[in-house]
$ cat coords-v7.cif   # mmCIF, N, CA and C atoms
data_coords
#
loop_
_atom_site.group_PDB
_atom_site.id
_atom_site.type_symbol
_atom_site.label_atom_id
_atom_site.label_comp_id
_atom_site.auth_asym_id
_atom_site.auth_seq_id
_atom_site.Cartn_x
_atom_site.Cartn_y
_atom_site.Cartn_z
ATOM 1 N N MET D 1 -236.677 -15.356 73.047
ATOM 2 C CA MET D 1 -235.693 -16.142 73.790
ATOM 3 C C MET D 1 -234.365 -16.220 73.026
ATOM 4 N N ASN D 2 -234.466 -16.377 71.720
ATOM 5 C CA ASN D 2 -233.277 -16.488 70.902
ATOM 6 C C ASN D 2 -232.401 -15.239 71.008
ATOM 7 N N SER D 3 -233.037 -14.052 71.063
ATOM 8 C CA SER D 3 -232.259 -12.825 71.176
ATOM 9 C C SER D 3 -231.551 -12.738 72.532
ATOM 10 N N ALA D 4 -232.160 -13.304 73.572
ATOM 11 C CA ALA D 4 -231.510 -13.335 74.886
ATOM 12 C C ALA D 4 -230.266 -14.215 74.836
ATOM 13 N N LYS D 5 -230.366 -15.350 74.154
ATOM 14 C CA LYS D 5 -229.191 -16.224 74.004
ATOM 15 C C LYS D 5 -228.111 -15.537 73.182
ATOM 16 N N SER D 6 -228.536 -14.842 72.144
ATOM 17 C CA SER D 6 -227.596 -14.126 71.295
ATOM 18 C C SER D 6 -226.867 -13.041 72.093
ATOM 19 N N MET D 7 -227.603 -12.302 72.905
ATOM 20 C CA MET D 7 -227.000 -11.254 73.724
ATOM 21 C C MET D 7 -226.033 -11.853 74.734
ATOM 22 N N LYS D 8 -226.423 -12.958 75.351
ATOM 23 C CA LYS D 8 -225.550 -13.616 76.322
ATOM 24 C C LYS D 8 -224.246 -14.065 75.654
ATOM 25 N N ARG D 9 -224.366 -14.598 74.449
ATOM 26 C CA ARG D 9 -223.178 -15.040 73.713
ATOM 27 C C ARG D 9 -222.286 -13.833 73.383
ATOM 28 N N LYS D 10 -222.893 -12.724 72.972
ATOM 29 C CA LYS D 10 -222.119 -11.514 72.669
ATOM 30 C C LYS D 10 -221.429 -10.987 73.926
ATOM 31 N N LEU D 11 -222.154 -10.988 75.049
ATOM 32 C CA LEU D 11 -221.569 -10.531 76.317
ATOM 33 C C LEU D 11 -220.402 -11.398 76.744
ATOM 34 N N THR D 12 -220.582 -12.716 76.611
ATOM 35 C CA THR D 12 -219.513 -13.646 76.980
ATOM 36 C C THR D 12 -218.278 -13.406 76.114
ATOM 37 N N GLY D 13 -218.499 -13.253 74.815
ATOM 38 C CA GLY D 13 -217.388 -12.996 73.902
ATOM 39 C C GLY D 13 -216.685 -11.692 74.216
ATOM 40 N N LEU D 14 -217.474 -10.641 74.474
ATOM 41 C CA LEU D 14 -216.886 -9.349 74.806
ATOM 42 C C LEU D 14 -216.111 -9.435 76.118
ATOM 43 N N SER D 15 -216.662 -10.136 77.093
ATOM 44 C CA SER D 15 -215.978 -10.295 78.386
ATOM 45 C C SER D 15 -214.634 -10.988 78.212
ATOM 46 N N ARG D 16 -214.611 -12.043 77.415
ATOM 47 C CA ARG D 16 -213.339 -12.747 77.170
ATOM 48 C C ARG D 16 -212.328 -11.849 76.478
ATOM 49 N N ARG D 17 -212.793 -11.118 75.475
ATOM 50 C CA ARG D 17 -211.886 -10.204 74.766
ATOM 51 C C ARG D 17 -211.392 -9.098 75.690
ATOM 52 N N TYR D 18 -212.264 -8.635 76.569
ATOM 53 C CA TYR D 18 -211.888 -7.574 77.499
ATOM 54 C C TYR D 18 -210.772 -8.067 78.428
ATOM 55 N N VAL D 19 -210.952 -9.250 78.992
ATOM 56 C CA VAL D 19 -209.924 -9.803 79.895
ATOM 57 C C VAL D 19 -208.597 -9.943 79.152
ATOM 58 N N ALA D 20 -208.646 -10.498 77.947
ATOM 59 C CA ALA D 20 -207.414 -10.704 77.168
ATOM 60 C C ALA D 20 -206.737 -9.369 76.837
ATOM 61 N N ALA D 21 -207.527 -8.381 76.426
ATOM 62 C CA ALA D 21 -206.963 -7.077 76.070
ATOM 63 C C ALA D 21 -206.399 -6.364 77.295
ATOM 64 N N LEU D 22 -207.103 -6.441 78.412
ATOM 65 C CA LEU D 22 -206.614 -5.809 79.637
ATOM 66 C C LEU D 22 -205.342 -6.496 80.121
ATOM 67 N N ARG D 23 -205.323 -7.818 80.073
ATOM 68 C CA ARG D 23 -204.117 -8.562 80.466
ATOM 69 C C ARG D 23 -202.925 -8.112 79.621
ATOM 70 N N SER D 24 -203.117 -8.037 78.319
ATOM 71 C CA SER D 24 -202.049 -7.614 77.414
ATOM 72 C C SER D 24 -201.612 -6.182 77.722
ATOM 73 N N TYR D 25 -202.571 -5.308 77.943
ATOM 74 C CA TYR D 25 -202.271 -3.908 78.254
ATOM 75 C C TYR D 25 -201.442 -3.810 79.535
ATOM 76 N N LEU D 26 -201.825 -4.544 80.551
ATOM 77 C CA LEU D 26 -201.105 -4.484 81.830
ATOM 78 C C LEU D 26 -199.700 -5.061 81.701
ATOM 79 N N LYS D 27 -199.544 -6.095 80.900
ATOM 80 C CA LYS D 27 -198.213 -6.709 80.730
ATOM 81 C C LYS D 27 -197.266 -5.808 79.955
ATOM 82 N N ARG D 28 -197.802 -5.018 79.033
ATOM 83 C CA ARG D 28 -196.950 -4.202 78.163
ATOM 84 C C ARG D 28 -196.405 -2.952 78.834
ATOM 85 N N GLY D 29 -196.979 -2.558 79.929
ATOM 86 C CA GLY D 29 -196.451 -1.408 80.639
ATOM 87 C C GLY D 29 -197.009 -0.084 80.149
ATOM 88 N N PRO D 30 -196.415 1.008 80.634
ATOM 89 C CA PRO D 30 -196.956 2.346 80.413
ATOM 90 C C PRO D 30 -197.076 2.772 78.944
ATOM 91 N N ARG D 31 -196.316 2.169 78.062
ATOM 92 C CA ARG D 31 -196.365 2.593 76.661
ATOM 93 C C ARG D 31 -197.352 1.784 75.830
ATOM 94 N N ALA D 32 -198.112 0.931 76.476
ATOM 95 C CA ALA D 32 -199.066 0.080 75.757
ATOM 96 C C ALA D 32 -200.155 0.935 75.096
ATOM 97 N N SER D 33 -200.587 0.493 73.950
ATOM 98 C CA SER D 33 -201.634 1.193 73.201
ATOM 99 C C SER D 33 -202.993 1.010 73.867
ATOM 100 N N LEU D 34 -203.796 2.053 73.781
ATOM 101 C CA LEU D 34 -205.161 1.984 74.298
ATOM 102 C C LEU D 34 -206.171 1.694 73.182
ATOM 103 N N GLN D 35 -205.685 1.440 71.982
ATOM 104 C CA GLN D 35 -206.589 1.140 70.873
ATOM 105 C C GLN D 35 -207.481 -0.065 71.138
ATOM 106 N N PRO D 36 -206.966 -1.151 71.760
ATOM 107 C CA PRO D 36 -207.868 -2.272 72.063
ATOM 108 C C PRO D 36 -209.023 -1.862 72.977
ATOM 109 N N ALA D 37 -208.777 -0.974 73.922
ATOM 110 C CA ALA D 37 -209.843 -0.497 74.805
ATOM 111 C C ALA D 37 -210.877 0.286 74.000
ATOM 112 N N GLN D 38 -210.408 1.109 73.079
ATOM 113 C CA GLN D 38 -211.321 1.877 72.233
ATOM 114 C C GLN D 38 -212.187 0.940 71.397
ATOM 115 N N ARG D 39 -211.571 -0.082 70.814
ATOM 116 C CA ARG D 39 -212.325 -1.047 69.996
ATOM 117 C C ARG D 39 -213.366 -1.782 70.835
ATOM 118 N N LEU D 40 -212.976 -2.186 72.044
ATOM 119 C CA LEU D 40 -213.918 -2.877 72.926
ATOM 120 C C LEU D 40 -215.087 -1.966 73.300
ATOM 121 N N GLY D 41 -214.798 -0.706 73.536
ATOM 122 C CA GLY D 41 -215.851 0.246 73.859
ATOM 123 C C GLY D 41 -216.823 0.434 72.704
ATOM 124 N N ARG D 42 -216.284 0.508 71.489
ATOM 125 C CA ARG D 42 -217.157 0.632 70.319
ATOM 126 C C ARG D 42 -218.004 -0.623 70.144
ATOM 127 N N ARG D 43 -217.408 -1.784 70.380
ATOM 128 C CA ARG D 43 -218.142 -3.043 70.267
ATOM 129 C C ARG D 43 -219.248 -3.105 71.325
ATOM 130 N N ALA D 44 -218.912 -2.708 72.548
ATOM 131 C CA ALA D 44 -219.905 -2.710 73.629
ATOM 132 C C ALA D 44 -221.086 -1.817 73.260
ATOM 133 N N MET D 45 -220.789 -0.659 72.701
ATOM 134 C CA MET D 45 -221.840 0.265 72.308
ATOM 135 C C MET D 45 -222.688 -0.344 71.183
ATOM 136 N N THR D 46 -222.044 -0.988 70.238
ATOM 137 C CA THR D 46 -222.742 -1.607 69.107
ATOM 138 C C THR D 46 -223.736 -2.667 69.563
ATOM 139 N N ILE D 47 -223.368 -3.423 70.588
ATOM 140 C CA ILE D 47 -224.286 -4.484 71.040
ATOM 141 C C ILE D 47 -225.286 -3.976 72.084
ATOM 142 N N GLY D 48 -225.218 -2.675 72.374
ATOM 143 C CA GLY D 48 -226.231 -2.072 73.226
ATOM 144 C C GLY D 48 -225.908 -1.994 74.706
ATOM 145 N N LEU D 49 -224.630 -2.121 75.047
ATOM 146 C CA LEU D 49 -224.262 -2.032 76.460
ATOM 147 C C LEU D 49 -224.159 -0.578 76.905
ATOM 148 N N GLU D 50 -224.362 -0.368 78.174
ATOM 149 C CA GLU D 50 -224.210 0.948 78.787
ATOM 150 C C GLU D 50 -222.951 0.941 79.657
ATOM 151 N N THR D 51 -222.614 2.094 80.181
ATOM 152 C CA THR D 51 -221.409 2.238 81.004
ATOM 153 C C THR D 51 -221.399 1.250 82.169
ATOM 154 N N LEU D 52 -222.522 1.103 82.839
ATOM 155 C CA LEU D 52 -222.587 0.197 83.988
ATOM 156 C C LEU D 52 -222.319 -1.258 83.570
ATOM 157 N N ASP D 53 -222.816 -1.652 82.405
ATOM 158 C CA ASP D 53 -222.558 -3.007 81.912
ATOM 159 C C ASP D 53 -221.058 -3.222 81.708
ATOM 160 N N LEU D 54 -220.403 -2.234 81.102
ATOM 161 C CA LEU D 54 -218.969 -2.351 80.870
ATOM 162 C C LEU D 54 -218.205 -2.296 82.197
ATOM 163 N N ALA D 55 -218.720 -1.547 83.164
ATOM 164 C CA ALA D 55 -218.093 -1.496 84.490
ATOM 165 C C ALA D 55 -218.115 -2.877 85.144
ATOM 166 N N ARG D 56 -219.203 -3.608 84.970
ATOM 167 C CA ARG D 56 -219.288 -4.967 85.526
ATOM 168 C C ARG D 56 -218.273 -5.894 84.858
ATOM 169 N N ILE D 57 -218.147 -5.776 83.535
ATOM 170 C CA ILE D 57 -217.169 -6.588 82.806
ATOM 171 C C ILE D 57 -215.763 -6.240 83.294
ATOM 172 N N HIS D 58 -215.496 -4.947 83.476
ATOM 173 C CA HIS D 58 -214.186 -4.498 83.957
ATOM 174 C C HIS D 58 -213.896 -5.051 85.353
ATOM 175 N N GLU D 59 -214.892 -4.983 86.214
ATOM 176 C CA GLU D 59 -214.719 -5.488 87.586
ATOM 177 C C GLU D 59 -214.363 -6.977 87.567
ATOM 178 N N GLN D 60 -215.073 -7.759 86.763
ATOM 179 C CA GLN D 60 -214.791 -9.193 86.676
ATOM 180 C C GLN D 60 -213.393 -9.444 86.117
ATOM 181 N N ALA D 61 -212.981 -8.627 85.155
ATOM 182 C CA ALA D 61 -211.638 -8.759 84.588
ATOM 183 C C ALA D 61 -210.578 -8.483 85.660
ATOM 184 N N LEU D 62 -210.796 -7.448 86.453
ATOM 185 C CA LEU D 62 -209.843 -7.137 87.526
ATOM 186 C C LEU D 62 -209.759 -8.271 88.537
ATOM 187 N N ILE D 63 -210.898 -8.825 88.893
ATOM 188 C CA ILE D 63 -210.908 -9.941 89.841
ATOM 189 C C ILE D 63 -210.091 -11.104 89.290
ATOM 190 N N ALA D 64 -210.190 -11.323 87.980
ATOM 191 C CA ALA D 64 -209.451 -12.423 87.353
ATOM 192 C C ALA D 64 -207.957 -12.136 87.235
ATOM 193 N N LEU D 65 -207.587 -10.872 87.073
ATOM 194 C CA LEU D 65 -206.192 -10.539 86.750
ATOM 195 C C LEU D 65 -205.347 -10.083 87.933
ATOM 196 N N VAL D 66 -205.953 -9.405 88.893
ATOM 197 C CA VAL D 66 -205.184 -8.897 90.039
ATOM 198 C C VAL D 66 -205.258 -9.938 91.141
ATOM 199 N N LEU D 67 -204.134 -10.566 91.383
ATOM 200 C CA LEU D 67 -204.100 -11.696 92.312
ATOM 201 C C LEU D 67 -203.712 -11.270 93.723
ATOM 202 N N PRO D 68 -204.275 -11.943 94.728
ATOM 203 C CA PRO D 68 -203.893 -11.637 96.108
ATOM 204 C C PRO D 68 -202.402 -11.841 96.363
ATOM 205 N N SER D 69 -201.772 -12.714 95.572
ATOM 206 C CA SER D 69 -200.344 -12.972 95.758
ATOM 207 C C SER D 69 -199.471 -11.853 95.198
ATOM 208 N N ASP D 70 -200.058 -10.950 94.402
ATOM 209 C CA ASP D 70 -199.296 -9.802 93.910
ATOM 210 C C ASP D 70 -198.976 -8.881 95.082
ATOM 211 N N SER D 71 -197.836 -8.208 95.011
ATOM 212 C CA SER D 71 -197.481 -7.276 96.080
ATOM 213 C C SER D 71 -198.479 -6.118 96.080
ATOM 214 N N PRO D 72 -198.647 -5.472 97.240
ATOM 215 C CA PRO D 72 -199.567 -4.328 97.285
ATOM 216 C C PRO D 72 -199.212 -3.255 96.252
ATOM 217 N N GLY D 73 -197.941 -3.003 96.060
ATOM 218 C CA GLY D 73 -197.515 -2.006 95.072
ATOM 219 C C GLY D 73 -197.895 -2.423 93.658
ATOM 220 N N ALA D 74 -197.693 -3.700 93.347
ATOM 221 C CA ALA D 74 -198.050 -4.206 92.015
ATOM 222 C C ALA D 74 -199.559 -4.136 91.817
ATOM 223 N N ARG D 75 -200.311 -4.493 92.840
ATOM 224 C CA ARG D 75 -201.780 -4.417 92.744
ATOM 225 C C ARG D 75 -202.233 -2.982 92.506
ATOM 226 N N ASP D 76 -201.665 -2.033 93.260
ATOM 227 C CA ASP D 76 -202.032 -0.622 93.102
ATOM 228 C C ASP D 76 -201.746 -0.132 91.685
ATOM 229 N N THR D 77 -200.584 -0.493 91.168
ATOM 230 C CA THR D 77 -200.212 -0.094 89.811
ATOM 231 C C THR D 77 -201.157 -0.701 88.783
ATOM 232 N N MET D 78 -201.468 -1.983 88.942
ATOM 233 C CA MET D 78 -202.370 -2.651 88.006
ATOM 234 C C MET D 78 -203.759 -2.023 88.038
ATOM 235 N N VAL D 79 -204.271 -1.758 89.222
ATOM 236 C CA VAL D 79 -205.606 -1.179 89.352
ATOM 237 C C VAL D 79 -205.635 0.222 88.744
ATOM 238 N N ARG D 80 -204.603 1.004 88.981
ATOM 239 C CA ARG D 80 -204.536 2.358 88.424
ATOM 240 C C ARG D 80 -204.487 2.308 86.894
ATOM 241 N N ARG D 81 -203.631 1.449 86.349
ATOM 242 C CA ARG D 81 -203.520 1.332 84.886
ATOM 243 C C ARG D 81 -204.795 0.741 84.286
ATOM 244 N N ALA D 82 -205.419 -0.190 84.998
ATOM 245 C CA ALA D 82 -206.683 -0.762 84.523
ATOM 246 C C ALA D 82 -207.761 0.318 84.474
ATOM 247 N N GLY D 83 -207.704 1.268 85.390
ATOM 248 C CA GLY D 83 -208.643 2.382 85.377
ATOM 249 C C GLY D 83 -208.492 3.241 84.136
ATOM 250 N N ILE D 84 -207.266 3.426 83.690
ATOM 251 C CA ILE D 84 -207.000 4.174 82.453
ATOM 252 C C ILE D 84 -207.606 3.418 81.269
ATOM 253 N N PHE D 85 -207.420 2.109 81.257
ATOM 254 C CA PHE D 85 -207.970 1.254 80.200
ATOM 255 C C PHE D 85 -209.494 1.352 80.184
ATOM 256 N N PHE D 86 -210.107 1.268 81.361
ATOM 257 C CA PHE D 86 -211.559 1.346 81.469
ATOM 258 C C PHE D 86 -212.076 2.705 80.989
ATOM 259 N N ALA D 87 -211.408 3.769 81.407
ATOM 260 C CA ALA D 87 -211.830 5.115 80.990
ATOM 261 C C ALA D 87 -211.818 5.234 79.469
ATOM 262 N N GLU D 88 -210.851 4.621 78.849
ATOM 263 C CA GLU D 88 -210.774 4.646 77.385
ATOM 264 C C GLU D 88 -211.889 3.798 76.775
ATOM 265 N N ALA D 89 -212.170 2.663 77.389
ATOM 266 C CA ALA D 89 -213.199 1.756 76.866
ATOM 267 C C ALA D 89 -214.594 2.372 76.932
ATOM 268 N N ILE D 90 -214.876 3.158 77.955
ATOM 269 C CA ILE D 90 -216.225 3.721 78.075
ATOM 270 C C ILE D 90 -216.414 4.995 77.258
ATOM 271 N N THR D 91 -215.342 5.535 76.722
ATOM 272 C CA THR D 91 -215.434 6.792 75.970
ATOM 273 C C THR D 91 -216.465 6.741 74.836
ATOM 274 N N PRO D 92 -216.490 5.694 73.999
ATOM 275 C CA PRO D 92 -217.500 5.682 72.927
ATOM 276 C C PRO D 92 -218.939 5.699 73.465
ATOM 277 N N ILE D 93 -219.177 5.003 74.554
ATOM 278 C CA ILE D 93 -220.515 4.976 75.139
ATOM 279 C C ILE D 93 -220.875 6.357 75.692
ATOM 280 N N GLU D 94 -219.932 6.958 76.392
ATOM 281 C CA GLU D 94 -220.177 8.278 76.985
ATOM 282 C C GLU D 94 -220.402 9.336 75.902
ATOM 283 N N LYS D 95 -219.637 9.257 74.824
ATOM 284 C CA LYS D 95 -219.796 10.229 73.724
ATOM 285 C C LYS D 95 -221.174 10.110 73.088
ATOM 286 N N SER D 96 -221.704 8.886 73.041
ATOM 287 C CA SER D 96 -223.021 8.686 72.427
ATOM 288 C C SER D 96 -224.145 9.293 73.259
ATOM 289 N N HIS D 97 -223.868 9.602 74.519
ATOM 290 C CA HIS D 97 -224.882 10.174 75.406
ATOM 291 C C HIS D 97 -224.898 11.699 75.377
ATOM 292 N N ARG D 98 -223.947 12.279 74.674
ATOM 293 C CA ARG D 98 -223.871 13.747 74.619
ATOM 294 C C ARG D 98 -224.820 14.293 73.595
#
$ encode --input "coords-v7.cif" --output "structure tokens"
Amino acid sequence: MNSAKSMKRKLTGLSRRYVAALRSYLKRGPRASLQPAQRLGRRAMTIGLETLDLARIHEQALIALVLPSDSPGARDTMVRRAGIFFAEAITPIEKSHR
């Protein structure tokens, strides 16, 4: 049971860091570094997450960050850039499967 609580705490922490890093990445624009995404991906892999687990975290982050009040163009841009961030974040997990 203790390991389940530990995993939940790690997931919660990673989810919070993911939202914060994605928010920062989206605010900084096209020249923003993808290093935070790489670090998050390595952390996710270290705690035993798979691509689908990180996809769920990414989806929740998008729900939190992309607001209905944003213009359709702004939403499209954010979703596209968030996809780049996600692709970078899953790279360490995907490489481990090769």
$ atom_distance --input "coords-v7.cif" --atom1 "atom C of Leu34 (chain D)" --atom2 "atom C of Leu49 (chain D)"
18.5 Å
$ select_by_dssp --input "coords-v7.cif" --residues "chain D" --states "helix (DSSP H, G or I)" --output "ChimeraX atom specification"
/D:2-28,35-46,51-65,72-96
$ closest_atom_pairs --input "coords-v7.cif" --of "region 5-54 of chain D" --to "region 76-96 of chain D" --cutoff "6 Å" --atoms "only N, CA and C atoms" --output "CSV"
residue,atom,partner,partner_atom,distance
D:Ala37,C,D:Ala89,CA,4.0
D:Gln38,N,D:Ala89,CA,4.7
D:Leu40,C,D:Ala89,CA,5.5
D:Gly41,CA,D:Ala89,C,3.9
D:Arg42,N,D:Pro92,CA,5.5
D:Met45,CA,D:Ile93,CA,5.7
$ resolve_selection --input "coords-v7.cif" --expression "the PyMOL selection byres ((chain D and resi 63-66) around 8)" --output "PDB file with N, CA and C atoms, in the coordinates of the input"
ATOM      1  N   VAL D  19    -210.952  -9.250  78.992  1.00  0.00           N
ATOM      2  CA  VAL D  19    -209.924  -9.803  79.895  1.00  0.00           C
ATOM      3  C   VAL D  19    -208.597  -9.943  79.152  1.00  0.00           C
ATOM      4  N   LEU D  22    -207.103  -6.441  78.412  1.00  0.00           N
ATOM      5  CA  LEU D  22    -206.614  -5.809  79.637  1.00  0.00           C
ATOM      6  C   LEU D  22    -205.342  -6.496  80.121  1.00  0.00           C
ATOM      7  N   ARG D  23    -205.323  -7.818  80.073  1.00  0.00           N
ATOM      8  CA  ARG D  23    -204.117  -8.562  80.466  1.00  0.00           C
ATOM      9  C   ARG D  23    -202.925  -8.112  79.621  1.00  0.00           C
ATOM     10  N   ILE D  57    -218.147  -5.776  83.535  1.00  0.00           N
ATOM     11  CA  ILE D  57    -217.169  -6.588  82.806  1.00  0.00           C
ATOM     12  C   ILE D  57    -215.763  -6.240  83.294  1.00  0.00           C
ATOM     13  N   HIS D  58    -215.496  -4.947  83.476  1.00  0.00           N
ATOM     14  CA  HIS D  58    -214.186  -4.498  83.957  1.00  0.00           C
ATOM     15  C   HIS D  58    -213.896  -5.051  85.353  1.00  0.00           C
ATOM     16  N   GLU D  59    -214.892  -4.983  86.214  1.00  0.00           N
ATOM     17  CA  GLU D  59    -214.719  -5.488  87.586  1.00  0.00           C
ATOM     18  C   GLU D  59    -214.363  -6.977  87.567  1.00  0.00           C
ATOM     19  N   GLN D  60    -215.073  -7.759  86.763  1.00  0.00           N
ATOM     20  CA  GLN D  60    -214.791  -9.193  86.676  1.00  0.00           C
ATOM     21  C   GLN D  60    -213.393  -9.444  86.117  1.00  0.00           C
ATOM     22  N   ALA D  61    -212.981  -8.627  85.155  1.00  0.00           N
ATOM     23  CA  ALA D  61    -211.638  -8.759  84.588  1.00  0.00           C
ATOM     24  C   ALA D  61    -210.578  -8.483  85.660  1.00  0.00           C
ATOM     25  N   LEU D  62    -210.796  -7.448  86.453  1.00  0.00           N
ATOM     26  CA  LEU D  62    -209.843  -7.137  87.526  1.00  0.00           C
ATOM     27  C   LEU D  62    -209.759  -8.271  88.537  1.00  0.00           C
ATOM     28  N   LEU D  67    -204.134 -10.566  91.383  1.00  0.00           N
ATOM     29  CA  LEU D  67    -204.100 -11.696  92.312  1.00  0.00           C
ATOM     30  C   LEU D  67    -203.712 -11.270  93.723  1.00  0.00           C
ATOM     31  N   PRO D  68    -204.275 -11.943  94.728  1.00  0.00           N
ATOM     32  CA  PRO D  68    -203.893 -11.637  96.108  1.00  0.00           C
ATOM     33  C   PRO D  68    -202.402 -11.841  96.363  1.00  0.00           C
ATOM     34  N   SER D  69    -201.772 -12.714  95.572  1.00  0.00           N
ATOM     35  CA  SER D  69    -200.344 -12.972  95.758  1.00  0.00           C
ATOM     36  C   SER D  69    -199.471 -11.853  95.198  1.00  0.00           C
ATOM     37  N   ASP D  70    -200.058 -10.950  94.402  1.00  0.00           N
ATOM     38  CA  ASP D  70    -199.296  -9.802  93.910  1.00  0.00           C
ATOM     39  C   ASP D  70    -198.976  -8.881  95.082  1.00  0.00           C
ATOM     40  N   ALA D  74    -197.693  -3.700  93.347  1.00  0.00           N
ATOM     41  CA  ALA D  74    -198.050  -4.206  92.015  1.00  0.00           C
ATOM     42  C   ALA D  74    -199.559  -4.136  91.817  1.00  0.00           C
ATOM     43  N   ARG D  75    -200.311  -4.493  92.840  1.00  0.00           N
ATOM     44  CA  ARG D  75    -201.780  -4.417  92.744  1.00  0.00           C
ATOM     45  C   ARG D  75    -202.233  -2.982  92.506  1.00  0.00           C
ATOM     46  N   MET D  78    -201.468  -1.983  88.942  1.00  0.00           N
ATOM     47  CA  MET D  78    -202.370  -2.651  88.006  1.00  0.00           C
ATOM     48  C   MET D  78    -203.759  -2.023  88.038  1.00  0.00           C
ATOM     49  N   VAL D  79    -204.271  -1.758  89.222  1.00  0.00           N
ATOM     50  CA  VAL D  79    -205.606  -1.179  89.352  1.00  0.00           C
ATOM     51  C   VAL D  79    -205.635   0.222  88.744  1.00  0.00           C
TER      52      VAL D  79
END
$ atom_distance --input "coords-v7.cif" --atom1 "atom C of Pro36 (chain D)" --atom2 "CA of Tyr18 (chain D)"
7.8 Å
$ atom_distance --input "coords-v7.cif" --atom1 "atom C of Gln35 (chain D)" --atom2 "CA of Lys8 (chain D)"
23.2 Å
$ residues_near_point --input "coords-v7.cif" --point "(-219.2, -7.8, 71.2)" --cutoff "5 Å" --atoms "all atoms listed in the file" --output "PDB file with N, CA and C atoms, in the coordinates of the input"
ATOM      1  N   LYS D  10    -222.893 -12.724  72.972  1.00  0.00           N
ATOM      2  CA  LYS D  10    -222.119 -11.514  72.669  1.00  0.00           C
ATOM      3  C   LYS D  10    -221.429 -10.987  73.926  1.00  0.00           C
ATOM      4  N   LEU D  14    -217.474 -10.641  74.474  1.00  0.00           N
ATOM      5  CA  LEU D  14    -216.886  -9.349  74.806  1.00  0.00           C
ATOM      6  C   LEU D  14    -216.111  -9.435  76.118  1.00  0.00           C
ATOM      7  N   ARG D  43    -217.408  -1.784  70.380  1.00  0.00           N
ATOM      8  CA  ARG D  43    -218.142  -3.043  70.267  1.00  0.00           C
ATOM      9  C   ARG D  43    -219.248  -3.105  71.325  1.00  0.00           C
TER      10      ARG D  43
END
$ axis_aligned_box --input "coords-v7.cif" --around "region 85-94 of chain D" --padding-each-side "3 Å" --output "lines of an AutoDock Vina configuration file"
center_x = -214.1
center_y = 5.3
center_z = 77.2
size_x = 19.5
size_y = 14.1
size_z = 14.5
$ build_atoms --input "coords-v7.cif" --residues "region 84-88 of chain D" --atoms "all heavy atoms" --output "mmCIF file, in the coordinates of the input"
data_model
loop_
_atom_site.group_PDB
_atom_site.id
_atom_site.type_symbol
_atom_site.label_atom_id
_atom_site.label_comp_id
_atom_site.auth_asym_id
_atom_site.auth_seq_id
_atom_site.Cartn_x
_atom_site.Cartn_y
_atom_site.Cartn_z
ATOM 1 N N ILE D 84 -207.266 3.426 83.690
ATOM 2 C CA ILE D 84 -207.000 4.174 82.453
ATOM 3 C C ILE D 84 -207.606 3.418 81.269
ATOM 4 O O ILE D 84 -208.250 4.009 80.397
ATOM 5 C CB ILE D 84 -205.481 4.389 82.258
ATOM 6 C CG1 ILE D 84 -204.942 5.311 83.360
ATOM 7 C CG2 ILE D 84 -205.168 4.938 80.866
ATOM 8 C CD1 ILE D 84 -203.425 5.343 83.475
ATOM 9 N N PHE D 85 -207.420 2.109 81.257
ATOM 10 C CA PHE D 85 -207.970 1.254 80.200
ATOM 11 C C PHE D 85 -209.494 1.352 80.184
ATOM 12 O O PHE D 85 -210.113 1.538 79.141
ATOM 13 C CB PHE D 85 -207.515 -0.193 80.454
ATOM 14 C CG PHE D 85 -207.874 -1.155 79.359
ATOM 15 C CD1 PHE D 85 -207.003 -1.387 78.309
ATOM 16 C CD2 PHE D 85 -209.071 -1.861 79.390
ATOM 17 C CE1 PHE D 85 -207.322 -2.284 77.303
ATOM 18 C CE2 PHE D 85 -209.396 -2.768 78.400
ATOM 19 C CZ PHE D 85 -208.512 -2.978 77.345
ATOM 20 N N PHE D 86 -210.107 1.268 81.361
ATOM 21 C CA PHE D 86 -211.559 1.346 81.469
ATOM 22 C C PHE D 86 -212.076 2.705 80.989
ATOM 23 O O PHE D 86 -213.068 2.782 80.258
ATOM 24 C CB PHE D 86 -212.004 1.079 82.907
ATOM 25 C CG PHE D 86 -213.479 1.263 83.118
ATOM 26 C CD1 PHE D 86 -214.389 0.365 82.580
ATOM 27 C CD2 PHE D 86 -213.960 2.336 83.846
ATOM 28 C CE1 PHE D 86 -215.764 0.542 82.762
ATOM 29 C CE2 PHE D 86 -215.330 2.511 84.039
ATOM 30 C CZ PHE D 86 -216.223 1.610 83.491
ATOM 31 N N ALA D 87 -211.408 3.769 81.407
ATOM 32 C CA ALA D 87 -211.830 5.115 80.990
ATOM 33 C C ALA D 87 -211.818 5.234 79.469
ATOM 34 O O ALA D 87 -212.713 5.853 78.876
ATOM 35 C CB ALA D 87 -210.926 6.170 81.623
ATOM 36 N N GLU D 88 -210.851 4.621 78.849
ATOM 37 C CA GLU D 88 -210.774 4.646 77.385
ATOM 38 C C GLU D 88 -211.889 3.798 76.775
ATOM 39 O O GLU D 88 -212.492 4.175 75.767
ATOM 40 C CB GLU D 88 -209.401 4.137 76.937
ATOM 41 C CG GLU D 88 -209.056 4.467 75.526
ATOM 42 C CD GLU D 88 -208.849 5.955 75.277
ATOM 43 O OE1 GLU D 88 -208.396 6.691 76.176
ATOM 44 O OE2 GLU D 88 -209.154 6.394 74.157
#
